[in-house]
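Everything below belongs to run-v8.txt, which stores compact mmCIF, C-alpha atoms.
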# COMPACT_ATOMS: atom_id res chain seq x y z
CA MET A 1 0.00 0.00 0.00
CA TYR A 2 1.28 3.48 -0.84
CA GLU A 3 1.31 6.31 1.63
CA PHE A 4 -1.81 8.39 2.19
CA LYS A 5 -3.17 10.99 4.57
CA TYR A 6 -6.17 9.91 6.60
CA HIS A 7 -9.09 12.27 7.23
CA ARG A 8 -12.03 11.71 9.52
CA PRO A 9 -14.78 14.26 8.83
CA ALA A 10 -17.73 14.56 11.20
CA THR A 11 -20.24 15.64 8.57
CA VAL A 12 -20.98 14.98 4.90
CA ARG A 13 -20.26 18.64 4.16
CA GLN A 14 -16.78 18.38 5.70
CA ALA A 15 -16.20 15.19 3.74
CA ALA A 16 -17.25 16.87 0.48
CA ASN A 17 -14.95 19.85 1.19
CA LEU A 18 -12.06 17.46 1.68
CA LEU A 19 -12.84 15.88 -1.68
CA VAL A 20 -12.94 19.29 -3.37
CA LYS A 21 -9.61 20.29 -1.81
CA ASN A 22 -7.87 17.01 -2.57
CA GLU A 23 -8.66 16.02 -6.11
CA ASP A 24 -7.36 12.45 -5.96
CA ALA A 25 -8.89 11.69 -2.57
CA LYS A 26 -10.97 8.56 -2.15
CA VAL A 27 -13.88 7.94 0.16
CA ILE A 28 -13.70 4.97 2.52
CA ALA A 29 -16.41 3.55 4.80
CA GLY A 30 -16.18 -0.20 5.33
CA GLY A 31 -12.99 -0.46 3.32
CA HIS A 32 -13.78 -3.93 2.06
CA THR A 33 -13.28 -3.00 -1.57
CA LEU A 34 -10.84 -0.14 -1.33
CA VAL A 35 -8.37 -1.64 1.16
CA PRO A 36 -7.79 -4.82 -0.90
CA VAL A 37 -7.37 -2.73 -4.05
CA MET A 38 -4.88 -0.45 -2.27
CA LYS A 39 -2.99 -3.46 -0.93
CA GLN A 40 -2.56 -4.67 -4.48
CA ARG A 41 -1.44 -1.16 -5.45
CA LEU A 42 -4.19 -0.98 -8.05
CA ALA A 43 -5.26 2.25 -6.34
CA SER A 44 -3.02 4.69 -4.53
CA PRO A 45 -5.11 7.63 -3.33
CA PRO A 46 -2.97 10.22 -1.52
CA HIS A 47 -5.92 11.05 0.74
CA LEU A 48 -8.56 8.84 2.36
CA VAL A 49 -11.76 10.41 3.63
CA ASP A 50 -13.37 8.12 6.21
CA LEU A 51 -17.17 8.37 6.29
CA SER A 52 -17.61 5.68 8.93
CA HIS A 53 -17.76 8.14 11.82
CA ILE A 54 -20.40 10.45 10.37
CA GLU A 55 -23.36 10.21 12.69
CA GLY A 56 -26.68 9.13 11.24
CA LEU A 57 -25.27 8.23 7.81
CA ASN A 58 -26.15 4.57 8.47
CA ALA A 59 -29.79 5.22 9.43
CA ILE A 60 -32.51 2.93 8.09
CA GLU A 61 -36.07 4.26 8.11
CA MET A 62 -39.40 4.41 6.31
CA LYS A 63 -40.23 7.77 4.74
CA GLY A 64 -43.73 7.76 3.29
CA ARG A 65 -43.88 4.83 0.86
CA SER A 66 -40.11 4.55 0.56
CA LEU A 67 -37.52 2.58 2.46
CA VAL A 68 -34.52 4.83 3.01
CA ILE A 69 -31.14 3.28 3.75
CA GLY A 70 -28.16 5.43 4.77
CA ALA A 71 -24.97 5.03 2.75
CA THR A 72 -22.85 3.63 5.56
CA ALA A 73 -25.40 1.02 6.65
CA THR A 74 -23.50 -2.26 6.61
CA HIS A 75 -24.76 -5.40 4.89
CA ALA A 76 -25.40 -6.81 8.38
CA ASP A 77 -27.40 -3.68 9.33
CA VAL A 78 -29.62 -4.14 6.27
CA ALA A 79 -29.91 -7.91 6.71
CA ASN A 80 -30.97 -7.62 10.36
CA SER A 81 -33.09 -4.49 10.17
CA ALA A 82 -36.70 -5.15 11.19
CA THR A 83 -37.68 -2.17 9.02
CA VAL A 84 -36.08 -3.69 5.90
CA ARG A 85 -37.40 -7.17 6.68
CA GLU A 86 -40.91 -5.82 6.83
CA ALA A 87 -40.70 -3.39 3.91
CA ILE A 88 -38.64 -5.35 1.35
CA PRO A 89 -37.70 -8.79 2.72
CA ALA A 90 -35.93 -9.64 -0.54
CA LEU A 91 -33.48 -6.81 0.11
CA ALA A 92 -32.70 -8.10 3.62
CA GLU A 93 -32.14 -11.56 2.16
CA LEU A 94 -29.86 -10.19 -0.53
CA ALA A 95 -27.78 -8.38 2.11
CA SER A 96 -27.55 -11.52 4.24
CA GLY A 97 -25.98 -13.36 1.29
CA ILE A 98 -23.16 -10.90 0.55
CA GLY A 99 -19.67 -12.20 1.35
CA ASP A 100 -19.47 -13.76 4.80
CA PRO A 101 -20.50 -12.66 8.32
CA ALA A 102 -17.29 -10.70 8.99
CA VAL A 103 -17.43 -8.96 5.62
CA ARG A 104 -21.09 -8.07 6.23
CA HIS A 105 -20.10 -6.35 9.48
CA LYS A 106 -17.94 -3.88 7.54
CA GLY A 107 -19.07 -3.58 3.92
CA THR A 108 -21.63 -0.85 3.21
CA ILE A 109 -24.43 -0.33 0.70
CA GLY A 110 -22.96 3.00 -0.40
CA GLY A 111 -19.55 1.45 -0.97
CA SER A 112 -20.99 -1.40 -2.98
CA LEU A 113 -22.97 0.94 -5.23
CA ALA A 114 -20.15 3.46 -5.70
CA ASN A 115 -17.85 0.63 -6.75
CA ASN A 116 -20.40 -0.90 -9.16
CA ASP A 117 -18.59 -4.21 -9.36
CA PRO A 118 -20.19 -6.23 -12.19
CA THR A 119 -20.68 -9.18 -9.82
CA ALA A 120 -22.01 -7.19 -6.84
CA ASP A 121 -25.51 -7.95 -5.55
CA TYR A 122 -26.86 -4.51 -4.60
CA PRO A 123 -26.84 -3.01 -8.12
CA ALA A 124 -29.42 -5.63 -9.20
CA ALA A 125 -31.74 -4.64 -6.34
CA VAL A 126 -31.35 -0.92 -6.95
CA LEU A 127 -32.06 -1.28 -10.67
CA ALA A 128 -34.97 -3.72 -10.32
CA LEU A 129 -36.67 -1.83 -7.52
CA GLY A 130 -36.19 1.49 -9.32
CA ALA A 131 -34.39 3.04 -6.38
CA THR A 132 -33.11 6.59 -6.24
CA ILE A 133 -29.54 7.26 -5.17
CA VAL A 134 -29.26 10.45 -3.16
CA THR A 135 -25.91 12.24 -3.02
CA ASN A 136 -24.72 15.43 -1.38
CA LYS A 137 -25.50 17.16 -4.69
CA ARG A 138 -28.49 15.53 -6.36
CA ARG A 139 -30.80 12.58 -6.81
CA LEU A 140 -29.97 9.95 -9.39
CA LYS A 141 -32.27 7.33 -10.83
CA ALA A 142 -30.76 3.84 -10.86
CA GLU A 143 -30.68 3.90 -14.69
CA GLU A 144 -28.60 7.07 -14.74
CA PHE A 145 -26.38 5.99 -11.86
CA PHE A 146 -24.86 2.78 -13.25
CA GLN A 147 -22.64 3.53 -16.23
CA GLY A 148 -20.87 0.30 -17.01
CA LEU A 149 -18.07 -1.73 -15.46
CA PHE A 150 -16.93 -0.16 -12.18
CA SER A 151 -18.24 3.21 -13.31
CA THR A 152 -21.07 5.37 -12.06
CA ALA A 153 -22.42 8.88 -12.57
CA LEU A 154 -20.72 10.00 -9.36
CA GLU A 155 -18.41 12.99 -9.71
CA ASN A 156 -15.10 13.21 -7.85
CA ASP A 157 -16.48 15.29 -5.00
CA GLU A 158 -19.85 13.56 -4.87
CA ILE A 159 -20.83 11.31 -1.95
CA ILE A 160 -23.74 8.90 -1.76
CA THR A 161 -25.73 9.76 1.35
CA ARG A 162 -28.70 7.40 1.08
CA VAL A 163 -30.69 5.12 -1.18
CA MET A 164 -34.47 5.39 -1.47
CA PHE A 165 -36.35 2.24 -2.40
CA PRO A 166 -40.01 2.51 -3.44
CA LEU A 167 -41.87 -0.51 -2.04
CA PRO A 168 -42.59 -3.28 -4.53
CA LYS A 169 -45.66 -5.52 -4.35
CA LYS A 170 -43.45 -8.59 -4.56
CA ALA A 171 -39.74 -9.14 -5.00
CA ALA A 172 -37.06 -11.80 -4.82
CA TYR A 173 -33.35 -12.17 -5.51
CA ILE A 174 -31.69 -15.41 -6.50
CA LYS A 175 -28.01 -15.78 -7.21
CA PHE A 176 -25.90 -18.58 -8.54
CA ARG A 177 -22.56 -18.35 -6.79
CA ASN A 178 -19.22 -19.00 -8.33
CA GLN A 179 -18.01 -22.00 -6.36
CA ALA A 180 -14.59 -20.51 -5.63
CA SER A 181 -15.07 -16.75 -5.24
CA ARG A 182 -18.66 -17.02 -3.97
CA TYR A 183 -19.54 -13.93 -5.99
CA ALA A 184 -22.58 -14.08 -8.22
CA LEU A 185 -21.83 -15.86 -11.47
CA VAL A 186 -25.33 -14.62 -12.27
CA GLY A 187 -27.81 -12.96 -9.93
CA VAL A 188 -31.38 -11.99 -10.83
CA PHE A 189 -33.55 -9.56 -8.89
CA VAL A 190 -37.23 -9.60 -9.87
CA ALA A 191 -39.54 -6.83 -8.65
CA ARG A 192 -43.26 -6.60 -9.25
CA ARG A 193 -43.83 -2.90 -8.81
CA PRO A 194 -47.20 -1.13 -8.68
CA SER A 195 -46.68 0.16 -12.25
CA ASP A 196 -44.56 -2.52 -13.93
CA VAL A 197 -42.25 -5.49 -13.54
CA ARG A 198 -38.49 -5.22 -13.56
CA VAL A 199 -35.87 -7.93 -13.91
CA ALA A 200 -32.28 -6.86 -13.22
CA VAL A 201 -29.30 -9.09 -13.83
CA THR A 202 -25.89 -8.88 -12.17
CA GLY A 203 -22.75 -10.97 -12.73
CA ALA A 204 -23.49 -11.70 -16.36
CA GLY A 205 -23.26 -8.50 -18.37
CA SER A 206 -19.93 -7.40 -19.81
CA ASP A 207 -21.09 -3.86 -19.11
CA GLY A 208 -22.31 -4.49 -15.56
CA VAL A 209 -25.86 -4.70 -14.26
CA PHE A 210 -28.69 -4.59 -16.84
CA ARG A 211 -32.43 -5.18 -17.24
CA ALA A 212 -33.77 -8.26 -19.02
CA THR A 213 -36.58 -6.56 -20.92
CA ALA A 214 -37.91 -9.66 -22.73
CA PHE A 215 -38.65 -11.26 -19.37
CA GLU A 216 -40.12 -8.01 -18.05
CA GLU A 217 -42.58 -7.75 -20.96
CA ALA A 218 -43.82 -11.30 -20.44
CA LEU A 219 -44.16 -10.85 -16.68
CA LYS A 220 -46.07 -7.59 -17.08
CA LYS A 221 -48.85 -9.56 -18.75
CA ARG A 222 -48.95 -12.14 -16.02
CA PHE A 223 -46.63 -12.40 -13.02
CA SER A 224 -46.02 -16.13 -13.07
CA HIS A 225 -42.98 -18.25 -13.89
CA LYS A 226 -45.18 -20.11 -16.38
CA VAL A 227 -45.21 -17.21 -18.83
CA LEU A 228 -41.42 -17.42 -19.04
CA GLU A 229 -41.43 -20.81 -20.74
CA GLY A 230 -39.85 -20.51 -24.14
CA ILE A 231 -38.25 -17.13 -23.41
CA SER A 232 -34.49 -17.16 -23.26
CA ALA A 233 -31.80 -14.55 -22.70
CA SER A 234 -29.40 -13.79 -25.52
CA PRO A 235 -25.70 -14.51 -24.86
CA GLU A 236 -24.84 -11.34 -26.75
CA GLY A 237 -23.08 -8.83 -24.49
CA LEU A 238 -22.59 -11.37 -21.71
CA ASN A 239 -19.28 -12.27 -20.11
CA SER A 240 -17.40 -15.31 -21.27
CA ASP A 241 -14.53 -16.35 -19.04
CA LEU A 242 -13.03 -19.34 -17.26
CA HIS A 243 -16.00 -19.38 -14.87
CA GLY A 244 -18.59 -19.80 -17.58
CA SER A 245 -19.38 -19.07 -21.23
CA ALA A 246 -21.81 -16.37 -22.33
CA GLU A 247 -24.21 -19.15 -23.38
CA TYR A 248 -24.06 -20.68 -19.91
CA ARG A 249 -24.69 -17.33 -18.28
CA ALA A 250 -27.62 -16.69 -20.64
CA HIS A 251 -29.06 -20.05 -19.65
CA LEU A 252 -28.65 -19.19 -15.96
CA ILE A 253 -30.50 -15.89 -16.43
CA GLY A 254 -33.55 -17.84 -17.62
CA VAL A 255 -33.35 -20.39 -14.83
CA LEU A 256 -32.78 -17.83 -12.08
CA THR A 257 -35.51 -15.48 -13.34
CA ARG A 258 -38.01 -18.34 -13.17
CA ARG A 259 -36.84 -19.25 -9.68
CA ALA A 260 -36.96 -15.62 -8.55
CA VAL A 261 -40.54 -15.21 -9.83
CA GLU A 262 -41.53 -18.42 -8.07
CA ALA A 263 -39.88 -17.22 -4.86
CA ALA A 264 -41.57 -13.81 -5.13
CA THR A 265 -45.02 -15.29 -5.71
CA ALA A 266 -44.59 -17.77 -2.85
CA LYS A 267 -44.13 -14.90 -0.38
CA MET B 1 28.65 6.73 -21.11
CA THR B 2 29.68 4.46 -18.28
CA PHE B 3 30.50 7.48 -16.18
CA GLY B 4 27.04 9.01 -16.71
CA MET B 5 25.36 5.79 -15.71
CA THR B 6 27.38 5.65 -12.51
CA ILE B 7 26.27 9.14 -11.58
CA ASN B 8 22.66 8.23 -12.22
CA ALA B 9 22.98 5.15 -10.05
CA CYS B 10 24.47 7.27 -7.27
CA ALA B 11 21.67 9.76 -7.54
CA ALA B 12 19.11 6.99 -7.27
CA ASP B 13 20.85 5.57 -4.19
CA THR B 14 20.90 8.96 -2.50
CA ALA B 15 17.20 9.40 -3.14
CA ALA B 16 16.50 5.99 -1.63
CA VAL B 17 18.17 6.81 1.70
CA GLN B 18 16.47 10.19 2.04
CA PRO B 19 14.05 10.00 4.99
CA LYS B 20 10.55 9.63 3.59
CA ARG B 21 7.78 11.94 4.65
CA VAL B 22 5.56 9.71 6.73
CA LEU B 23 2.10 10.95 7.59
CA MET B 24 1.60 9.59 11.07
CA ALA B 25 -1.75 9.29 12.81
CA LYS B 26 -2.46 9.14 16.52
CA ILE B 27 -4.88 6.45 17.62
CA SER B 28 -6.29 5.40 20.95
CA LEU B 29 -8.41 2.32 21.35
CA ILE B 30 -9.21 -0.43 23.83
CA VAL B 31 -7.59 -3.79 23.15
CA ASN B 32 -8.69 -6.72 25.30
CA GLY B 33 -9.89 -4.27 27.93
CA ASN B 34 -6.67 -2.25 28.05
CA PRO B 35 -6.38 1.30 26.71
CA VAL B 36 -3.76 1.58 23.97
CA ASN B 37 -2.32 4.78 22.49
CA ALA B 38 -0.08 4.75 19.47
CA ASN B 39 1.32 6.87 16.69
CA ILE B 40 1.07 4.87 13.49
CA ASP B 41 1.46 5.11 9.75
CA PRO B 42 -2.17 5.20 8.51
CA ARG B 43 -1.34 2.33 6.16
CA THR B 44 -1.01 -0.02 9.13
CA LEU B 45 -3.58 -2.79 8.96
CA LEU B 46 -5.32 -3.69 12.19
CA VAL B 47 -3.78 -7.18 12.07
CA GLN B 48 -0.30 -5.69 11.65
CA PHE B 49 -0.89 -3.31 14.54
CA LEU B 50 -2.03 -6.15 16.80
CA ARG B 51 0.77 -8.51 15.86
CA GLU B 52 3.72 -6.19 15.35
CA ASN B 53 3.04 -3.21 17.62
CA LEU B 54 1.21 -4.99 20.44
CA ARG B 55 2.81 -8.41 19.97
CA LEU B 56 -0.57 -10.11 20.10
CA THR B 57 0.42 -12.82 17.67
CA GLY B 58 -2.59 -15.06 18.28
CA THR B 59 -4.35 -13.28 15.42
CA HIS B 60 -2.98 -14.79 12.23
CA VAL B 61 -2.48 -13.64 8.67
CA GLY B 62 -3.55 -16.38 6.31
CA CYS B 63 -4.60 -15.23 2.86
CA ASP B 64 -4.28 -11.48 3.46
CA THR B 65 -7.21 -11.03 1.04
CA SER B 66 -10.21 -11.18 3.43
CA GLN B 67 -11.16 -14.70 2.43
CA CYS B 68 -9.69 -17.14 4.95
CA GLY B 69 -10.70 -15.64 8.31
CA ALA B 70 -7.49 -16.48 10.20
CA CYS B 71 -7.32 -12.78 11.14
CA VAL B 72 -10.85 -12.46 12.59
CA VAL B 73 -11.06 -10.27 15.71
CA HIS B 74 -13.99 -8.50 17.34
CA LEU B 75 -14.41 -4.78 16.69
CA ASP B 76 -17.00 -3.33 19.05
CA GLY B 77 -18.16 -6.89 19.66
CA LYS B 78 -18.56 -7.86 15.99
CA ALA B 79 -16.36 -10.25 14.03
CA VAL B 80 -14.28 -8.47 11.39
CA LYS B 81 -11.33 -9.36 9.21
CA SER B 82 -8.40 -7.44 10.63
CA CYS B 83 -6.35 -7.87 7.44
CA THR B 84 -8.87 -5.67 5.62
CA THR B 85 -9.35 -3.10 8.38
CA LEU B 86 -7.08 -0.10 8.79
CA ALA B 87 -5.88 0.30 12.37
CA VAL B 88 -6.56 4.02 12.09
CA MET B 89 -10.24 3.26 11.48
CA ALA B 90 -10.36 1.38 14.80
CA ASP B 91 -9.40 4.58 16.62
CA GLY B 92 -11.88 5.17 19.45
CA HIS B 93 -13.22 1.64 19.21
CA GLU B 94 -12.84 -1.58 21.15
CA VAL B 95 -10.95 -4.61 19.85
CA ARG B 96 -10.93 -8.11 21.28
CA THR B 97 -8.48 -10.76 20.11
CA ILE B 98 -8.13 -14.45 20.91
CA GLU B 99 -5.79 -13.44 23.77
CA GLY B 100 -8.67 -11.49 25.32
CA LEU B 101 -11.08 -14.42 25.61
CA ALA B 102 -9.50 -15.79 28.81
CA ALA B 103 -6.92 -14.21 31.09
CA ASP B 104 -3.48 -15.81 31.42
CA GLY B 105 -3.68 -18.74 33.82
CA ALA B 106 -7.48 -18.53 34.04
CA PRO B 107 -9.64 -21.38 32.70
CA LEU B 108 -10.15 -21.28 28.92
CA HIS B 109 -13.19 -19.56 27.42
CA PRO B 110 -15.94 -22.20 26.91
CA MET B 111 -15.48 -22.01 23.12
CA GLN B 112 -11.72 -22.55 23.44
CA GLU B 113 -12.37 -25.42 25.84
CA ALA B 114 -14.83 -26.97 23.35
CA PHE B 115 -12.22 -26.82 20.58
CA ARG B 116 -9.73 -28.53 22.93
CA GLU B 117 -12.21 -31.13 24.11
CA HIS B 118 -13.50 -32.04 20.62
CA HIS B 119 -10.16 -31.59 18.88
CA GLY B 120 -11.51 -28.84 16.62
CA LEU B 121 -8.14 -28.31 14.99
CA GLN B 122 -5.46 -30.05 13.06
CA CYS B 123 -2.51 -27.72 12.44
CA GLY B 124 -4.16 -24.96 14.48
CA PHE B 125 -3.41 -22.07 12.16
CA CYS B 126 -7.06 -21.19 11.48
CA THR B 127 -8.13 -21.84 15.09
CA PRO B 128 -7.98 -18.29 16.53
CA GLY B 129 -10.12 -16.99 13.66
CA MET B 130 -12.49 -19.96 13.91
CA ILE B 131 -12.98 -19.35 17.64
CA MET B 132 -13.50 -15.60 17.29
CA THR B 133 -16.01 -16.24 14.48
CA ALA B 134 -17.73 -18.90 16.60
CA VAL B 135 -18.08 -16.58 19.62
CA ASP B 136 -19.53 -13.87 17.36
CA LEU B 137 -21.92 -16.44 15.88
CA VAL B 138 -23.18 -17.43 19.32
CA ASN B 139 -23.60 -13.76 20.25
CA ARG B 140 -25.77 -13.24 17.15
CA LYS B 141 -27.64 -16.53 16.81
CA GLY B 142 -27.80 -18.03 20.26
CA HIS B 143 -26.72 -21.26 21.88
CA ASP B 144 -28.68 -23.86 19.98
CA LEU B 145 -26.97 -24.03 16.62
CA SER B 146 -27.65 -26.65 13.96
CA ASP B 147 -24.76 -28.03 11.92
CA ASP B 148 -26.28 -26.38 8.83
CA VAL B 149 -26.24 -22.95 10.43
CA ILE B 150 -22.68 -23.41 11.69
CA ARG B 151 -21.44 -24.52 8.28
CA GLU B 152 -23.15 -21.62 6.56
CA GLU B 153 -21.75 -19.15 9.07
CA LEU B 154 -18.23 -20.51 8.49
CA GLU B 155 -18.39 -19.22 4.90
CA GLY B 156 -15.55 -16.80 5.65
CA ASN B 157 -13.24 -19.14 7.57
CA LEU B 158 -11.07 -21.66 5.78
CA CYS B 159 -9.33 -24.66 7.32
CA ARG B 160 -6.72 -25.85 4.87
CA CYS B 161 -6.39 -29.12 6.78
CA THR B 162 -10.11 -29.51 5.93
CA GLY B 163 -10.85 -30.42 9.54
CA TYR B 164 -14.34 -29.00 9.43
CA GLN B 165 -16.12 -31.96 10.98
CA ASN B 166 -14.59 -31.43 14.42
CA ILE B 167 -14.71 -27.65 14.10
CA VAL B 168 -18.49 -27.85 13.60
CA THR B 169 -18.82 -30.26 16.53
CA SER B 170 -16.69 -27.97 18.70
CA ILE B 171 -18.74 -24.88 17.86
CA ALA B 172 -22.05 -26.62 18.60
CA ALA B 173 -20.68 -27.81 21.96
CA GLY B 174 -19.02 -24.45 22.71
CA ALA B 175 -22.27 -22.63 22.01
CA LYS B 176 -24.10 -24.76 24.56
CA ALA B 177 -21.28 -24.38 27.09
CA MET B 178 -21.41 -20.59 26.68
CA ALA B 179 -25.09 -20.68 27.73
CA LYS B 180 -24.16 -22.40 30.98
CA SER B 181 -21.27 -20.08 31.77
CA ALA B 182 -23.23 -16.91 30.92
How does this structure look as C-alpha cells?
Amino acid sequence: MYEFKYHRPATVRQAANLLVKNEDAKVIAGGHTLVPVMKQRLASPPHLVDLSHIEGLNAIEMKGRSLVIGATATHADVANSATVREAIPALAELASGIGDPAVRHKGTIGGSLANNDPTADYPAAVLALGATIVTNKRRLKAEEFFQGLFSTALENDEIITRVMFPLPKKAAYIKFRNQASRYALVGVFVARRPSDVRVAVTGAGSDGVFRATAFEEALKKRFSHKVLEGISASPEGLNSDLHGSAEYRAHLIGVLTRRAVEAATAK
Amino acid sequence: MTFGMTINACAADTAAVQPKRVLMAKISLIVNGNPVNANIDPRTLLVQFLRENLRLTGTHVGCDTSQCGACVVHLDGKAVKSCTTLAVMADGHEVRTIEGLAADGAPLHPMQEAFREHHGLQCGFCTPGMIMTAVDLVNRKGHDLSDDVIREELEGNLCRCTGYQNIVTSIAAGAKAMAKSA
C-alpha cells in the first residue's frame, strides 16, 4: 500500500470539502473493496476520507412509501433491520448473502454501489426496484447511476448519502454463486412494482448490471414463472470467461428469473 | 557513457536513503480491555498493529485477502477481518483478540475449551479466527446451533487441513457451554 493521509470528517459537508480540496482523494467507509485494491497497489489515493464516523449516515427508516437506507449502513445492518425485513424482505435476504459474516459487518451499501462491481448484488436490487440514489448534490435514478463496469455517474467530489427504495408488491433475488469466489456468477432480482415489472441481472453483463426486458414484458402480462417458458436470454453482451461461457450465463439468467418469480409469488 | 550511468545510479541511491515523509496518525483504542495509544502510519492494517506493535500474535495472517478468516477479531463486539481493516479506522473503538477471551492462567473460554475437548483443529493455524467467528456467531444466533447454520456461518473461515467436521462439533458444543457459563 502506498502512503496516504487519513481524514475523519464529522459531517458529509466536511467530507465533500475534503474531496474538493484534494482532487485524488478517495472515500472509505467499510474499506472492504478499497483496502484490498490499495494493498494490491491498483489504487493509490494520496488522501482517504473516512465516512464511517459520520453520525446518522447509516440510518434505516421508512419515509412515506419509501424505504430509506443510509450510505454507511453495513450489509449486516440491512440484513438484520426489522424495518427492511418488513418493507422489502428480498433486500434483507440479498444483504444476508453478501460475502461472509465478517465482511457483512464492515461492507456498506454506499460502498458497494459506488464501486459498481459487475458481480455485486446490490446493483441488481437498486435497478430492479427502481431506487433513487441520493448524493450530497443531487438525486440519481438507478438507470442514470450505473454507467458500465466499475463506473457510475458520481463525480469526484460527490458522496452517496442514502438510497431510497419505493416498495414493490413482490420481490425476490436469486443468485448462482461462483463455487470458488462465492460472488454471483449470475444474480437476478425480480420486482413486481405497482406500475410494472423489472428484472435486473448482475454478474453476467460485460457492461455491468442490466435489465432483461424480454422477461419483463412477459411478466407484465402475467406475473407467473409459467409465462417465461420458451423465453431465453441472448448470450450477446454477456461475459465469457473461465467461470462460464456467455451461453451458460444466458441459460442461468432464464433459470434464475423463473426461480426468482416463483420465490416472489410464494411470499 | 559508463561514467554518466554511474552518476545516475548514485543519484538513485541517495534518493533511496532520504528519509521519507511519513504521515503519522495518533490512535487510541481499547484492546482486550486495556487502553492503547499509538502513533502509526495510517497504512497499518489492524492485524499488523495487533501482531507487530502490540505483539498479540494469536491473530494470524492467512490469505491477506479477506477470504480465509485467520485474522478475525472483534471490533465493538462484531467479528471483522483485521487484514482488511485499517488500524486508524479502529481509533476510538474496542478490539478483542483471541488473547482477550480468557486471562493468562485462568480457565479457557468455553469455546476454546470446546475446541480442545473435541479436537476442533489439526494444524491450528485457522483456530484463533475460527474461535472468534464462533463466539460472534453465538452472540448473534444463540446457543442452539444446527450443523447447517454453523457450516453456513463458516463461509468466511477456511481450514486448509479440511478439519471442518470437528470444528463444527466444537462450535455446537461451545455454544451450549457458553449458555451455561453466561
Go through B:Asn157, B:Asn32, B:Thr65, B:Ser170 and flag the residue nearest Glu99 of chain B, using all atoms listed in the file for the distances. B:Asn32
One decimal, Å: what's the distance from atom CA of Val27 of chain A over to atom CA of Arg182 of chain A, could you say?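 Interatomic distance here is 25.7 Å.
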Quick one: residues within 8 Å of Asp100 of chain A, all atoms listed in the file, excluding same-chain residues fewer than 2 positions away - as a ChimeraX atom specification? /A:97-98,102-104 /B:153-156
Selection to disk with C-alpha atoms, as a compact mmCIF listing (two decimals), in the coordinates of the input:
# COMPACT_ATOMS: atom_id res chain seq x y z
CA GLY A 97 -25.98 -13.36 1.29
CA ILE A 98 -23.16 -10.90 0.55
CA ALA A 102 -17.29 -10.70 8.99
CA VAL A 103 -17.43 -8.96 5.62
CA ARG A 104 -21.09 -8.07 6.23
CA GLU B 153 -21.75 -19.15 9.07
CA LEU B 154 -18.23 -20.51 8.49
CA GLU B 155 -18.39 -19.22 4.90
CA GLY B 156 -15.55 -16.80 5.65
Interface list for chain A, partner chain B, 9 Å threshold, only C-alpha atoms, as an NGL selection string: :A and (1-6 or 8 or 30-33 or 35-36 or 39 or 50 or 52-53 or 99-106 or 181)
Write out the residues from the selection above, keeping C-alpha atoms, as a PDB file, in the frame of the given file.
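Below is the file that was written, out20.pdb:
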ATOM      1  CA  MET A   1       0.000   0.000   0.000  1.00  0.00           C
ATOM      2  CA  TYR A   2       1.280   3.480  -0.840  1.00  0.00           C
ATOM      3  CA  GLU A   3       1.310   6.310   1.630  1.00  0.00           C
ATOM      4  CA  PHE A   4      -1.810   8.390   2.190  1.00  0.00           C
ATOM      5  CA  LYS A   5      -3.170  10.990   4.570  1.00  0.00           C
ATOM      6  CA  TYR A   6      -6.170   9.910   6.600  1.00  0.00           C
ATOM      7  CA  ARG A   8     -12.030  11.710   9.520  1.00  0.00           C
ATOM      8  CA  GLY A  30     -16.180  -0.200   5.330  1.00  0.00           C
ATOM      9  CA  GLY A  31     -12.990  -0.460   3.320  1.00  0.00           C
ATOM     10  CA  HIS A  32     -13.780  -3.930   2.060  1.00  0.00           C
ATOM     11  CA  THR A  33     -13.280  -3.000  -1.570  1.00  0.00           C
ATOM     12  CA  VAL A  35      -8.370  -1.640   1.160  1.00  0.00           C
ATOM     13  CA  PRO A  36      -7.790  -4.820  -0.900  1.00  0.00           C
ATOM     14  CA  LYS A  39      -2.990  -3.460  -0.930  1.00  0.00           C
ATOM     15  CA  ASP A  50     -13.370   8.120   6.210  1.00  0.00           C
ATOM     16  CA  SER A  52     -17.610   5.680   8.930  1.00  0.00           C
ATOM     17  CA  HIS A  53     -17.760   8.140  11.820  1.00  0.00           C
ATOM     18  CA  GLY A  99     -19.670 -12.200   1.350  1.00  0.00           C
ATOM     19  CA  ASP A 100     -19.470 -13.760   4.800  1.00  0.00           C
ATOM     20  CA  PRO A 101     -20.500 -12.660   8.320  1.00  0.00           C
ATOM     21  CA  ALA A 102     -17.290 -10.700   8.990  1.00  0.00           C
ATOM     22  CA  VAL A 103     -17.430  -8.960   5.620  1.00  0.00           C
ATOM     23  CA  ARG A 104     -21.090  -8.070   6.230  1.00  0.00           C
ATOM     24  CA  HIS A 105     -20.100  -6.350   9.480  1.00  0.00           C
ATOM     25  CA  LYS A 106     -17.940  -3.880   7.540  1.00  0.00           C
ATOM     26  CA  SER A 181     -15.070 -16.750  -5.240  1.00  0.00           C
TER      27      SER A 181
END
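For Glu144 of chain A, the residues within 12 Å (counting all atoms listed in the file, excluding itself and residues fewer than 2 positions away along the chain) are Val126, Leu127, Gly130, Ala131, Thr132, Ile133, Arg138, Arg139, Leu140, Lys141, Ala142, Phe146, Gln147, Gly148, Ser151, Thr152, Ala153, Leu154 and Phe210 of chain A.
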For segment 124-131 of chain B, please output as a ChimeraX atom specification all residues within 6 Å (counting only C-alpha atoms; exclusion window: fewer than 2 positions along the same chain). /B:69-72,98,121-122,133-134,159
Could you please determine the separation between atom CA of Val199 of chain A and atom CA of Phe165 of chain A in Å, to one decimal place?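 Computed distance, atom CA of Val199 of chain A to atom CA of Phe165 of chain A, equals 15.4 Å.
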With all atoms listed in the file as the counted atoms, please give the residues lying no more than 10 Å from segment 212-222 of chain A, apart from itself and same-chain residues fewer than 5 positions off, as a PyMOL selection string. chain A and resi 128+188+190-193+195-201+227-229+231-234+253-254+257-258+261
Of the residues B:Gly105, B:Ile171, B:Gln165, B:Cys123, which is the one nearest to Val135 of chain B, using all atoms listed in the file?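 For Val135 of chain B, the nearest of the candidates is B:Ile171.
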When you draw a straight line from atom CA of Ser81 of chain A to atom CA of Gly92 of chain B, how long is it in Å?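 Between atom CA of Ser81 of chain A and atom CA of Gly92 of chain B the gap works out to 25.1 Å.
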Return the single residue from A:His75, A:Arg13, A:Arg211, A:Arg65 that is closest to Val49 of chain A, with distances computed using only C-alpha atoms. A:Arg13
Which polymer residues, protein or nucleic acid, are no farther than 10 Å from (-3.8, -0.6, 23.2), counting only C-alpha atoms, as a list in words? Ile27, Ser28, Leu29, Ile30, Val31, Asn32, Gly33, Asn34, Pro35, Val36, Asn37, Ala38, Phe49, Leu50, Asn53, Leu54, Glu94 and Val95 of chain B
